[in-house]
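Trainee: Handing over target.cif, mmCIF, C-alpha atoms.
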```
data_model
#
loop_
_atom_site.label_atom_id
_atom_site.label_comp_id
_atom_site.auth_asym_id
_atom_site.auth_seq_id
_atom_site.Cartn_x
_atom_site.Cartn_y
_atom_site.Cartn_z
CA MET S 14 -44.66 -72.17 61.52
CA CYS S 15 -42.52 -70.80 58.72
CA LEU S 16 -42.65 -67.26 57.41
CA LYS S 17 -40.65 -65.25 54.89
CA ALA S 18 -40.75 -61.47 55.14
CA LEU S 19 -39.34 -58.41 53.43
CA VAL S 20 -38.39 -55.70 55.92
CA PHE S 21 -37.51 -52.05 55.31
CA GLY S 22 -38.08 -48.51 56.57
CA ASP S 23 -36.78 -44.95 56.74
CA ILE S 24 -37.94 -44.20 53.22
CA HIS S 25 -38.03 -40.44 53.80
CA SER S 26 -40.11 -39.64 50.70
CA GLU S 27 -37.77 -41.51 48.32
CA THR S 28 -40.40 -43.87 46.91
CA GLU S 29 -38.18 -44.58 43.90
CA LYS S 30 -36.08 -46.65 46.33
CA VAL S 31 -39.18 -48.66 47.21
CA GLN S 32 -39.62 -49.45 43.53
CA GLU S 33 -35.94 -50.41 43.24
CA LEU S 34 -36.33 -52.77 46.18
CA ALA S 35 -39.49 -54.29 44.70
CA ASP S 36 -37.70 -54.83 41.39
CA LYS S 37 -34.65 -56.34 43.11
CA THR S 38 -36.73 -58.84 45.10
CA SER S 39 -39.40 -59.58 42.50
CA GLY S 40 -40.21 -63.24 42.11
CA GLN S 41 -39.63 -64.02 45.78
CA ALA S 42 -42.55 -65.45 47.72
CA PHE S 43 -43.02 -63.19 50.73
CA GLU S 44 -45.90 -63.89 53.09
CA LEU S 45 -45.27 -60.64 54.92
CA VAL S 46 -43.84 -57.15 54.41
CA LEU S 47 -42.80 -55.21 57.54
CA ILE S 48 -42.21 -51.45 57.39
CA THR S 49 -40.48 -49.66 60.28
CA GLY S 50 -41.78 -46.15 59.57
CA ASP S 51 -40.63 -42.75 58.34
CA PHE S 52 -42.43 -42.98 55.02
CA THR S 53 -41.87 -39.26 54.60
CA ASN S 54 -39.87 -36.24 55.70
CA GLU S 55 -42.79 -33.85 55.89
CA GLY S 56 -45.64 -36.05 57.13
CA THR S 57 -47.11 -36.03 53.62
CA LEU S 58 -49.61 -38.80 52.96
CA LYS S 59 -48.80 -39.32 49.28
CA PHE S 60 -45.46 -41.00 50.03
CA ALA S 61 -47.11 -43.58 52.27
CA GLU S 62 -49.79 -44.17 49.66
CA LYS S 63 -47.16 -44.65 46.94
CA THR S 64 -45.08 -47.00 49.09
CA ILE S 65 -48.03 -49.24 49.92
CA SER S 66 -49.20 -49.19 46.30
CA ILE S 67 -45.80 -50.37 45.04
CA ILE S 68 -45.66 -53.19 47.59
CA GLU S 69 -49.23 -54.30 46.92
CA LYS S 70 -48.53 -54.47 43.19
CA ALA S 71 -45.18 -56.25 43.58
CA PHE S 72 -46.29 -58.74 46.25
CA PRO S 73 -50.09 -59.07 46.00
CA LYS S 74 -50.24 -62.12 48.29
CA ALA S 75 -48.19 -60.60 51.11
CA ARG S 76 -49.67 -59.19 54.30
CA ILE S 77 -48.37 -55.70 55.10
CA LEU S 78 -47.76 -54.58 58.69
CA ALA S 79 -46.36 -51.10 59.26
CA ILE S 80 -45.79 -48.48 61.93
CA PRO S 81 -45.22 -44.72 61.64
CA GLY S 82 -41.87 -43.08 62.22
CA ASN S 83 -41.20 -39.79 63.98
CA GLN S 84 -41.39 -37.91 60.65
CA ASP S 85 -44.81 -39.30 59.76
CA SER S 86 -48.23 -37.93 60.68
CA LYS S 87 -51.60 -38.93 62.13
CA GLU S 88 -52.91 -38.84 58.56
CA ILE S 89 -50.47 -41.62 57.66
CA ILE S 90 -51.54 -43.67 60.69
CA GLU S 91 -55.17 -43.30 59.59
CA PHE S 92 -54.24 -44.40 56.07
CA LEU S 93 -52.44 -47.51 57.36
CA GLU S 94 -55.49 -48.28 59.49
CA SER S 95 -57.76 -47.99 56.45
CA LYS S 96 -55.57 -50.48 54.58
CA GLY S 97 -55.56 -52.95 57.46
CA ALA S 98 -51.79 -52.51 57.59
CA SER S 99 -51.26 -50.63 60.86
CA LEU S 100 -49.36 -52.30 63.70
CA HIS S 101 -49.07 -49.04 65.64
CA LYS S 102 -50.03 -49.68 69.27
CA LYS S 103 -51.39 -53.08 68.32
CA ALA S 104 -50.74 -56.79 68.62
CA VAL S 105 -51.58 -58.98 65.61
CA GLU S 106 -51.33 -62.76 65.18
CA PHE S 107 -50.20 -63.93 61.73
CA ASN S 108 -49.17 -67.39 60.55
CA GLY S 109 -48.44 -68.64 64.05
CA PHE S 110 -46.43 -65.58 65.15
CA GLU S 111 -47.44 -62.67 67.37
CA PHE S 112 -46.48 -59.21 66.11
CA ILE S 113 -46.61 -56.18 68.38
CA GLY S 114 -45.67 -52.67 67.32
CA ILE S 115 -45.35 -49.06 68.34
CA GLY S 116 -44.12 -46.25 66.11
CA GLY S 117 -42.74 -42.78 66.61
CA GLY S 118 -39.44 -41.53 67.95
CA LYS S 119 -38.31 -40.95 71.52
CA PRO S 120 -38.13 -37.19 71.99
CA VAL S 121 -34.49 -36.22 72.53
CA ASN S 122 -33.89 -32.46 72.49
CA THR S 123 -36.90 -32.13 70.17
CA PHE S 124 -40.48 -33.24 69.67
CA TYR S 125 -41.49 -35.17 66.60
CA ARG S 126 -44.77 -35.43 64.70
CA ILE S 127 -45.18 -38.90 66.20
CA ASN S 128 -43.54 -39.34 69.60
CA ALA S 129 -42.77 -42.54 71.49
CA GLY S 130 -42.51 -41.47 75.10
CA GLU S 131 -41.20 -43.74 77.85
CA LEU S 132 -44.39 -43.78 79.93
CA GLU S 133 -46.57 -44.35 76.88
CA ALA S 134 -44.38 -47.20 75.62
CA LYS S 135 -44.15 -48.83 79.04
CA LYS S 136 -47.95 -48.75 79.46
CA PHE S 137 -48.49 -50.09 75.94
CA PHE S 138 -46.18 -53.08 76.34
CA LYS S 139 -47.52 -53.88 79.81
CA GLU S 140 -51.12 -53.92 78.61
CA ASN S 141 -50.68 -55.47 75.16
CA TYR S 142 -47.73 -57.86 75.16
CA PRO S 143 -49.03 -61.19 73.79
CA ALA S 144 -49.58 -63.98 76.28
CA SER S 145 -50.45 -66.73 73.79
CA GLY S 146 -47.13 -68.53 74.12
CA LYS S 147 -46.42 -68.11 70.40
CA PRO S 148 -43.16 -66.58 69.11
CA VAL S 149 -43.25 -62.78 69.45
CA ILE S 150 -41.79 -60.25 67.00
CA VAL S 151 -41.63 -56.63 68.14
CA LEU S 152 -41.72 -53.92 65.44
CA THR S 153 -40.69 -50.43 66.53
CA HIS S 154 -39.29 -47.34 64.88
CA THR S 155 -37.07 -46.52 67.85
CA PRO S 156 -34.36 -49.00 68.98
CA PRO S 157 -34.00 -50.26 72.55
CA SER S 158 -31.79 -48.21 74.86
CA GLY S 159 -28.29 -49.36 75.72
CA ALA S 160 -27.81 -51.17 72.42
CA SER S 161 -25.28 -50.43 69.70
CA ILE S 162 -28.12 -50.16 67.16
CA GLY S 163 -29.57 -47.13 68.92
CA LYS S 164 -26.55 -44.84 69.20
CA THR S 165 -25.72 -41.94 66.91
CA ALA S 166 -22.29 -41.36 65.42
CA THR S 167 -21.54 -39.04 68.37
CA GLY S 168 -22.60 -41.67 70.91
CA ILE S 169 -26.01 -40.30 71.85
CA ASP S 170 -28.40 -43.09 72.84
CA LEU S 171 -31.77 -42.54 71.12
CA GLY S 172 -33.21 -45.82 72.37
CA LEU S 173 -36.27 -46.48 74.48
CA LYS S 174 -35.67 -47.71 78.03
CA ALA S 175 -39.22 -49.09 78.17
CA LEU S 176 -38.51 -51.22 75.11
CA ARG S 177 -35.28 -52.57 76.59
CA GLU S 178 -37.01 -53.42 79.86
CA THR S 179 -39.71 -55.26 77.95
CA ILE S 180 -37.10 -57.23 76.01
CA GLU S 181 -35.18 -58.12 79.19
CA GLU S 182 -38.35 -59.29 80.93
CA LYS S 183 -40.17 -61.03 78.07
CA GLN S 184 -37.34 -62.13 75.75
CA PRO S 185 -39.26 -61.93 72.46
CA LEU S 186 -37.90 -63.90 69.53
CA LEU S 187 -36.99 -60.81 67.53
CA VAL S 188 -37.03 -57.00 67.68
CA ILE S 189 -36.97 -55.00 64.43
CA CYS S 190 -36.35 -51.24 64.38
CA GLY S 191 -34.84 -48.36 62.42
CA HIS S 192 -34.64 -44.60 63.12
CA VAL S 193 -30.89 -44.27 63.82
CA HIS S 194 -29.54 -44.47 60.28
CA GLU S 195 -25.85 -44.82 61.03
CA ALA S 196 -26.43 -47.55 63.66
CA PHE S 197 -27.88 -50.19 61.37
CA GLY S 198 -26.74 -53.64 62.40
CA GLU S 199 -27.56 -56.33 64.94
CA ASP S 200 -27.34 -56.73 68.69
CA PHE S 201 -28.54 -59.16 71.33
CA ILE S 202 -30.35 -58.41 74.57
CA GLY S 203 -30.28 -61.72 76.37
CA LYS S 204 -31.42 -64.26 73.80
CA THR S 205 -33.38 -61.70 71.80
CA LEU S 206 -31.99 -60.74 68.40
CA CYS S 207 -32.44 -57.02 67.71
CA ILE S 208 -32.07 -55.74 64.13
CA ASN S 209 -31.79 -52.13 63.02
CA VAL S 210 -32.76 -52.58 59.37
CA GLY S 211 -31.05 -49.42 58.18
CA PRO S 212 -32.46 -46.68 55.94
CA LEU S 213 -33.96 -47.60 52.59
CA THR S 214 -32.75 -44.19 51.40
CA HIS S 215 -29.24 -45.68 51.48
CA GLY S 216 -30.34 -48.93 49.85
CA ASN S 217 -30.82 -51.06 52.97
CA ALA S 218 -33.41 -53.77 53.53
CA VAL S 219 -33.64 -57.24 55.06
CA ILE S 220 -35.08 -60.58 53.97
CA LEU S 221 -36.20 -62.44 57.07
CA GLU S 222 -36.98 -66.13 57.52
CA LEU S 223 -38.81 -67.31 60.64
CA ASN S 224 -39.34 -70.90 61.71
CA GLY S 225 -41.14 -71.18 65.01
CA PHE S 226 -38.89 -70.52 68.00
CA GLU S 227 -35.70 -71.17 66.03
CA LYS S 228 -33.16 -68.37 65.77
CA PRO S 229 -34.35 -66.06 62.98
CA LYS S 230 -32.41 -66.16 59.73
CA PHE S 231 -31.91 -62.96 57.80
CA GLU S 232 -30.11 -61.62 54.78
CA ARG S 233 -29.19 -57.97 54.38
CA ILE S 234 -29.87 -56.40 50.99
CA LYS S 235 -27.65 -53.52 49.90
CA PHE S 236 -28.27 -51.68 46.64
#
```
What is this file in structure tokens?
Mentor:
Amino acid sequence: MCLKALVFGDIHSETEKVQELADKTSGQAFELVLITGDFTNEGTLKFAEKTISIIEKAFPKARILAIPGNQDSKEIIEFLESKGASLHKKAVEFNGFEFIGIGGGKPVNTFYRINAGELEAKKFFKENYPASGKPVIVLTHTPPSGASIGKTATGIDLGLKALRETIEEKQPLLVICGHVHEAFGEDFIGKTLCINVGPLTHGNAVILELNGFEKPKFERIKF
């Protein structure tokens, strides 16, 4: 079970950065592209359409799995569904790995277009966490609570408690998130590697290599 993936998110309408990333990684054989949400700033569908179009053209053999961010809209979720690319509130098996995802942001002092509330997230993970025994990769927009990758520059924790509890209980192979731009980096919760990919708007992305239950290998791209 080997898998090579390109991972990015927090595009915030800057689709020219998607094209830059595609150009920078052209020629690489990705089986999968993972997108952590926030295609747009205004919930506008055209930026999600453009992003997916660029990726489909650059990597025609790659499967795309994506979730919405807090800045996205129901229209974008529907578009991802129509493309067979949505992992929002879903679990999908691919190439021997189980992927489970939930998008949106945890409401902190505000409500977003797409929210990820604690009760909703807890219910989702309880009812949908894969039980196949295969390696599990969790894709979320919001980081887990209590982790360095979920704290703002002023120390506010924007992470989901329900996500952290799921990680502590289930110990998935890998958790991938975004949302908190300045907190991009890595952390561990138990044996689970958690990666905040960082915003594509600032030229951040990750190349990920998975091999069964082995510790994931990844390379950060900065451009």
Trainee: Applied to the shown file, which residues does the PyMOL selection byres ((chain S and resi 85) around 10) return, written as a list in words?
Mentor: His25, Gly50, Asp51, Phe52, Thr53, Asn54, Glu55, Gly56, Thr57, Leu58, Phe60, Ala61, Ile80, Pro81, Gly82, Asn83, Gln84, Ser86, Lys87, Glu88, Ile89, Ile90, Gly116, Gly117, Tyr125, Arg126, Ile127 and Asn128 of chain S
Trainee: If I take atom CA of S:Pro73 and atom CA of S:Val188, how far is one from the other in Å, to one decimal?
Mentor: 25.4 Å
Trainee: Give as a ChimeraX atom specification the residues that the PyMOL selection byres ((chain S and resi 174-176) around 9) matches when applied to the coordinates above.
Mentor: /S:130-136,138,153,155-159,172-173,177-181
Trainee: Go through S:Val105, S:Val46, S:Cys207, S:Ile77 and flag the residue nearest S:Lys147, using only C-alpha atoms for the distances.
Mentor: S:Val105
Trainee: Go through stretch 151-187 of chain S residue by residue and, counting all atoms listed in the file, keep those with an atom at most 10 Å from stretch 111-114 of chain S; for each kept residue give the shortest atom pair and its distance in Å to one decimal, ordered by chain and increasing number, as CSV.
Mentor:
```
residue,atom,partner,partner_atom,distance
S:Val151,CA,S:Ile113,CA,5.0
S:Leu152,CA,S:Gly114,CA,4.5
S:Thr153,CA,S:Gly114,CA,5.5
S:His154,CA,S:Gly114,CA,8.7
S:Pro185,CA,S:Glu111,CA,9.7
S:Leu186,CA,S:Glu111,CA,9.9
S:Leu187,CA,S:Phe112,CA,9.7
```
Trainee: Could you list the residues chosen by the PyMOL selection byres ((chain S and resi 68) around 10) in this structure as a count of residues only?
Mentor: 18
Trainee: Please indicate the distance in Å from atom CA of S:Phe197 to atom CA of S:Gly118, rounded to one decimal place.
Mentor: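 Value for the atom CA of S:Phe197-atom CA of S:Gly118 distance: 15.9 Å.
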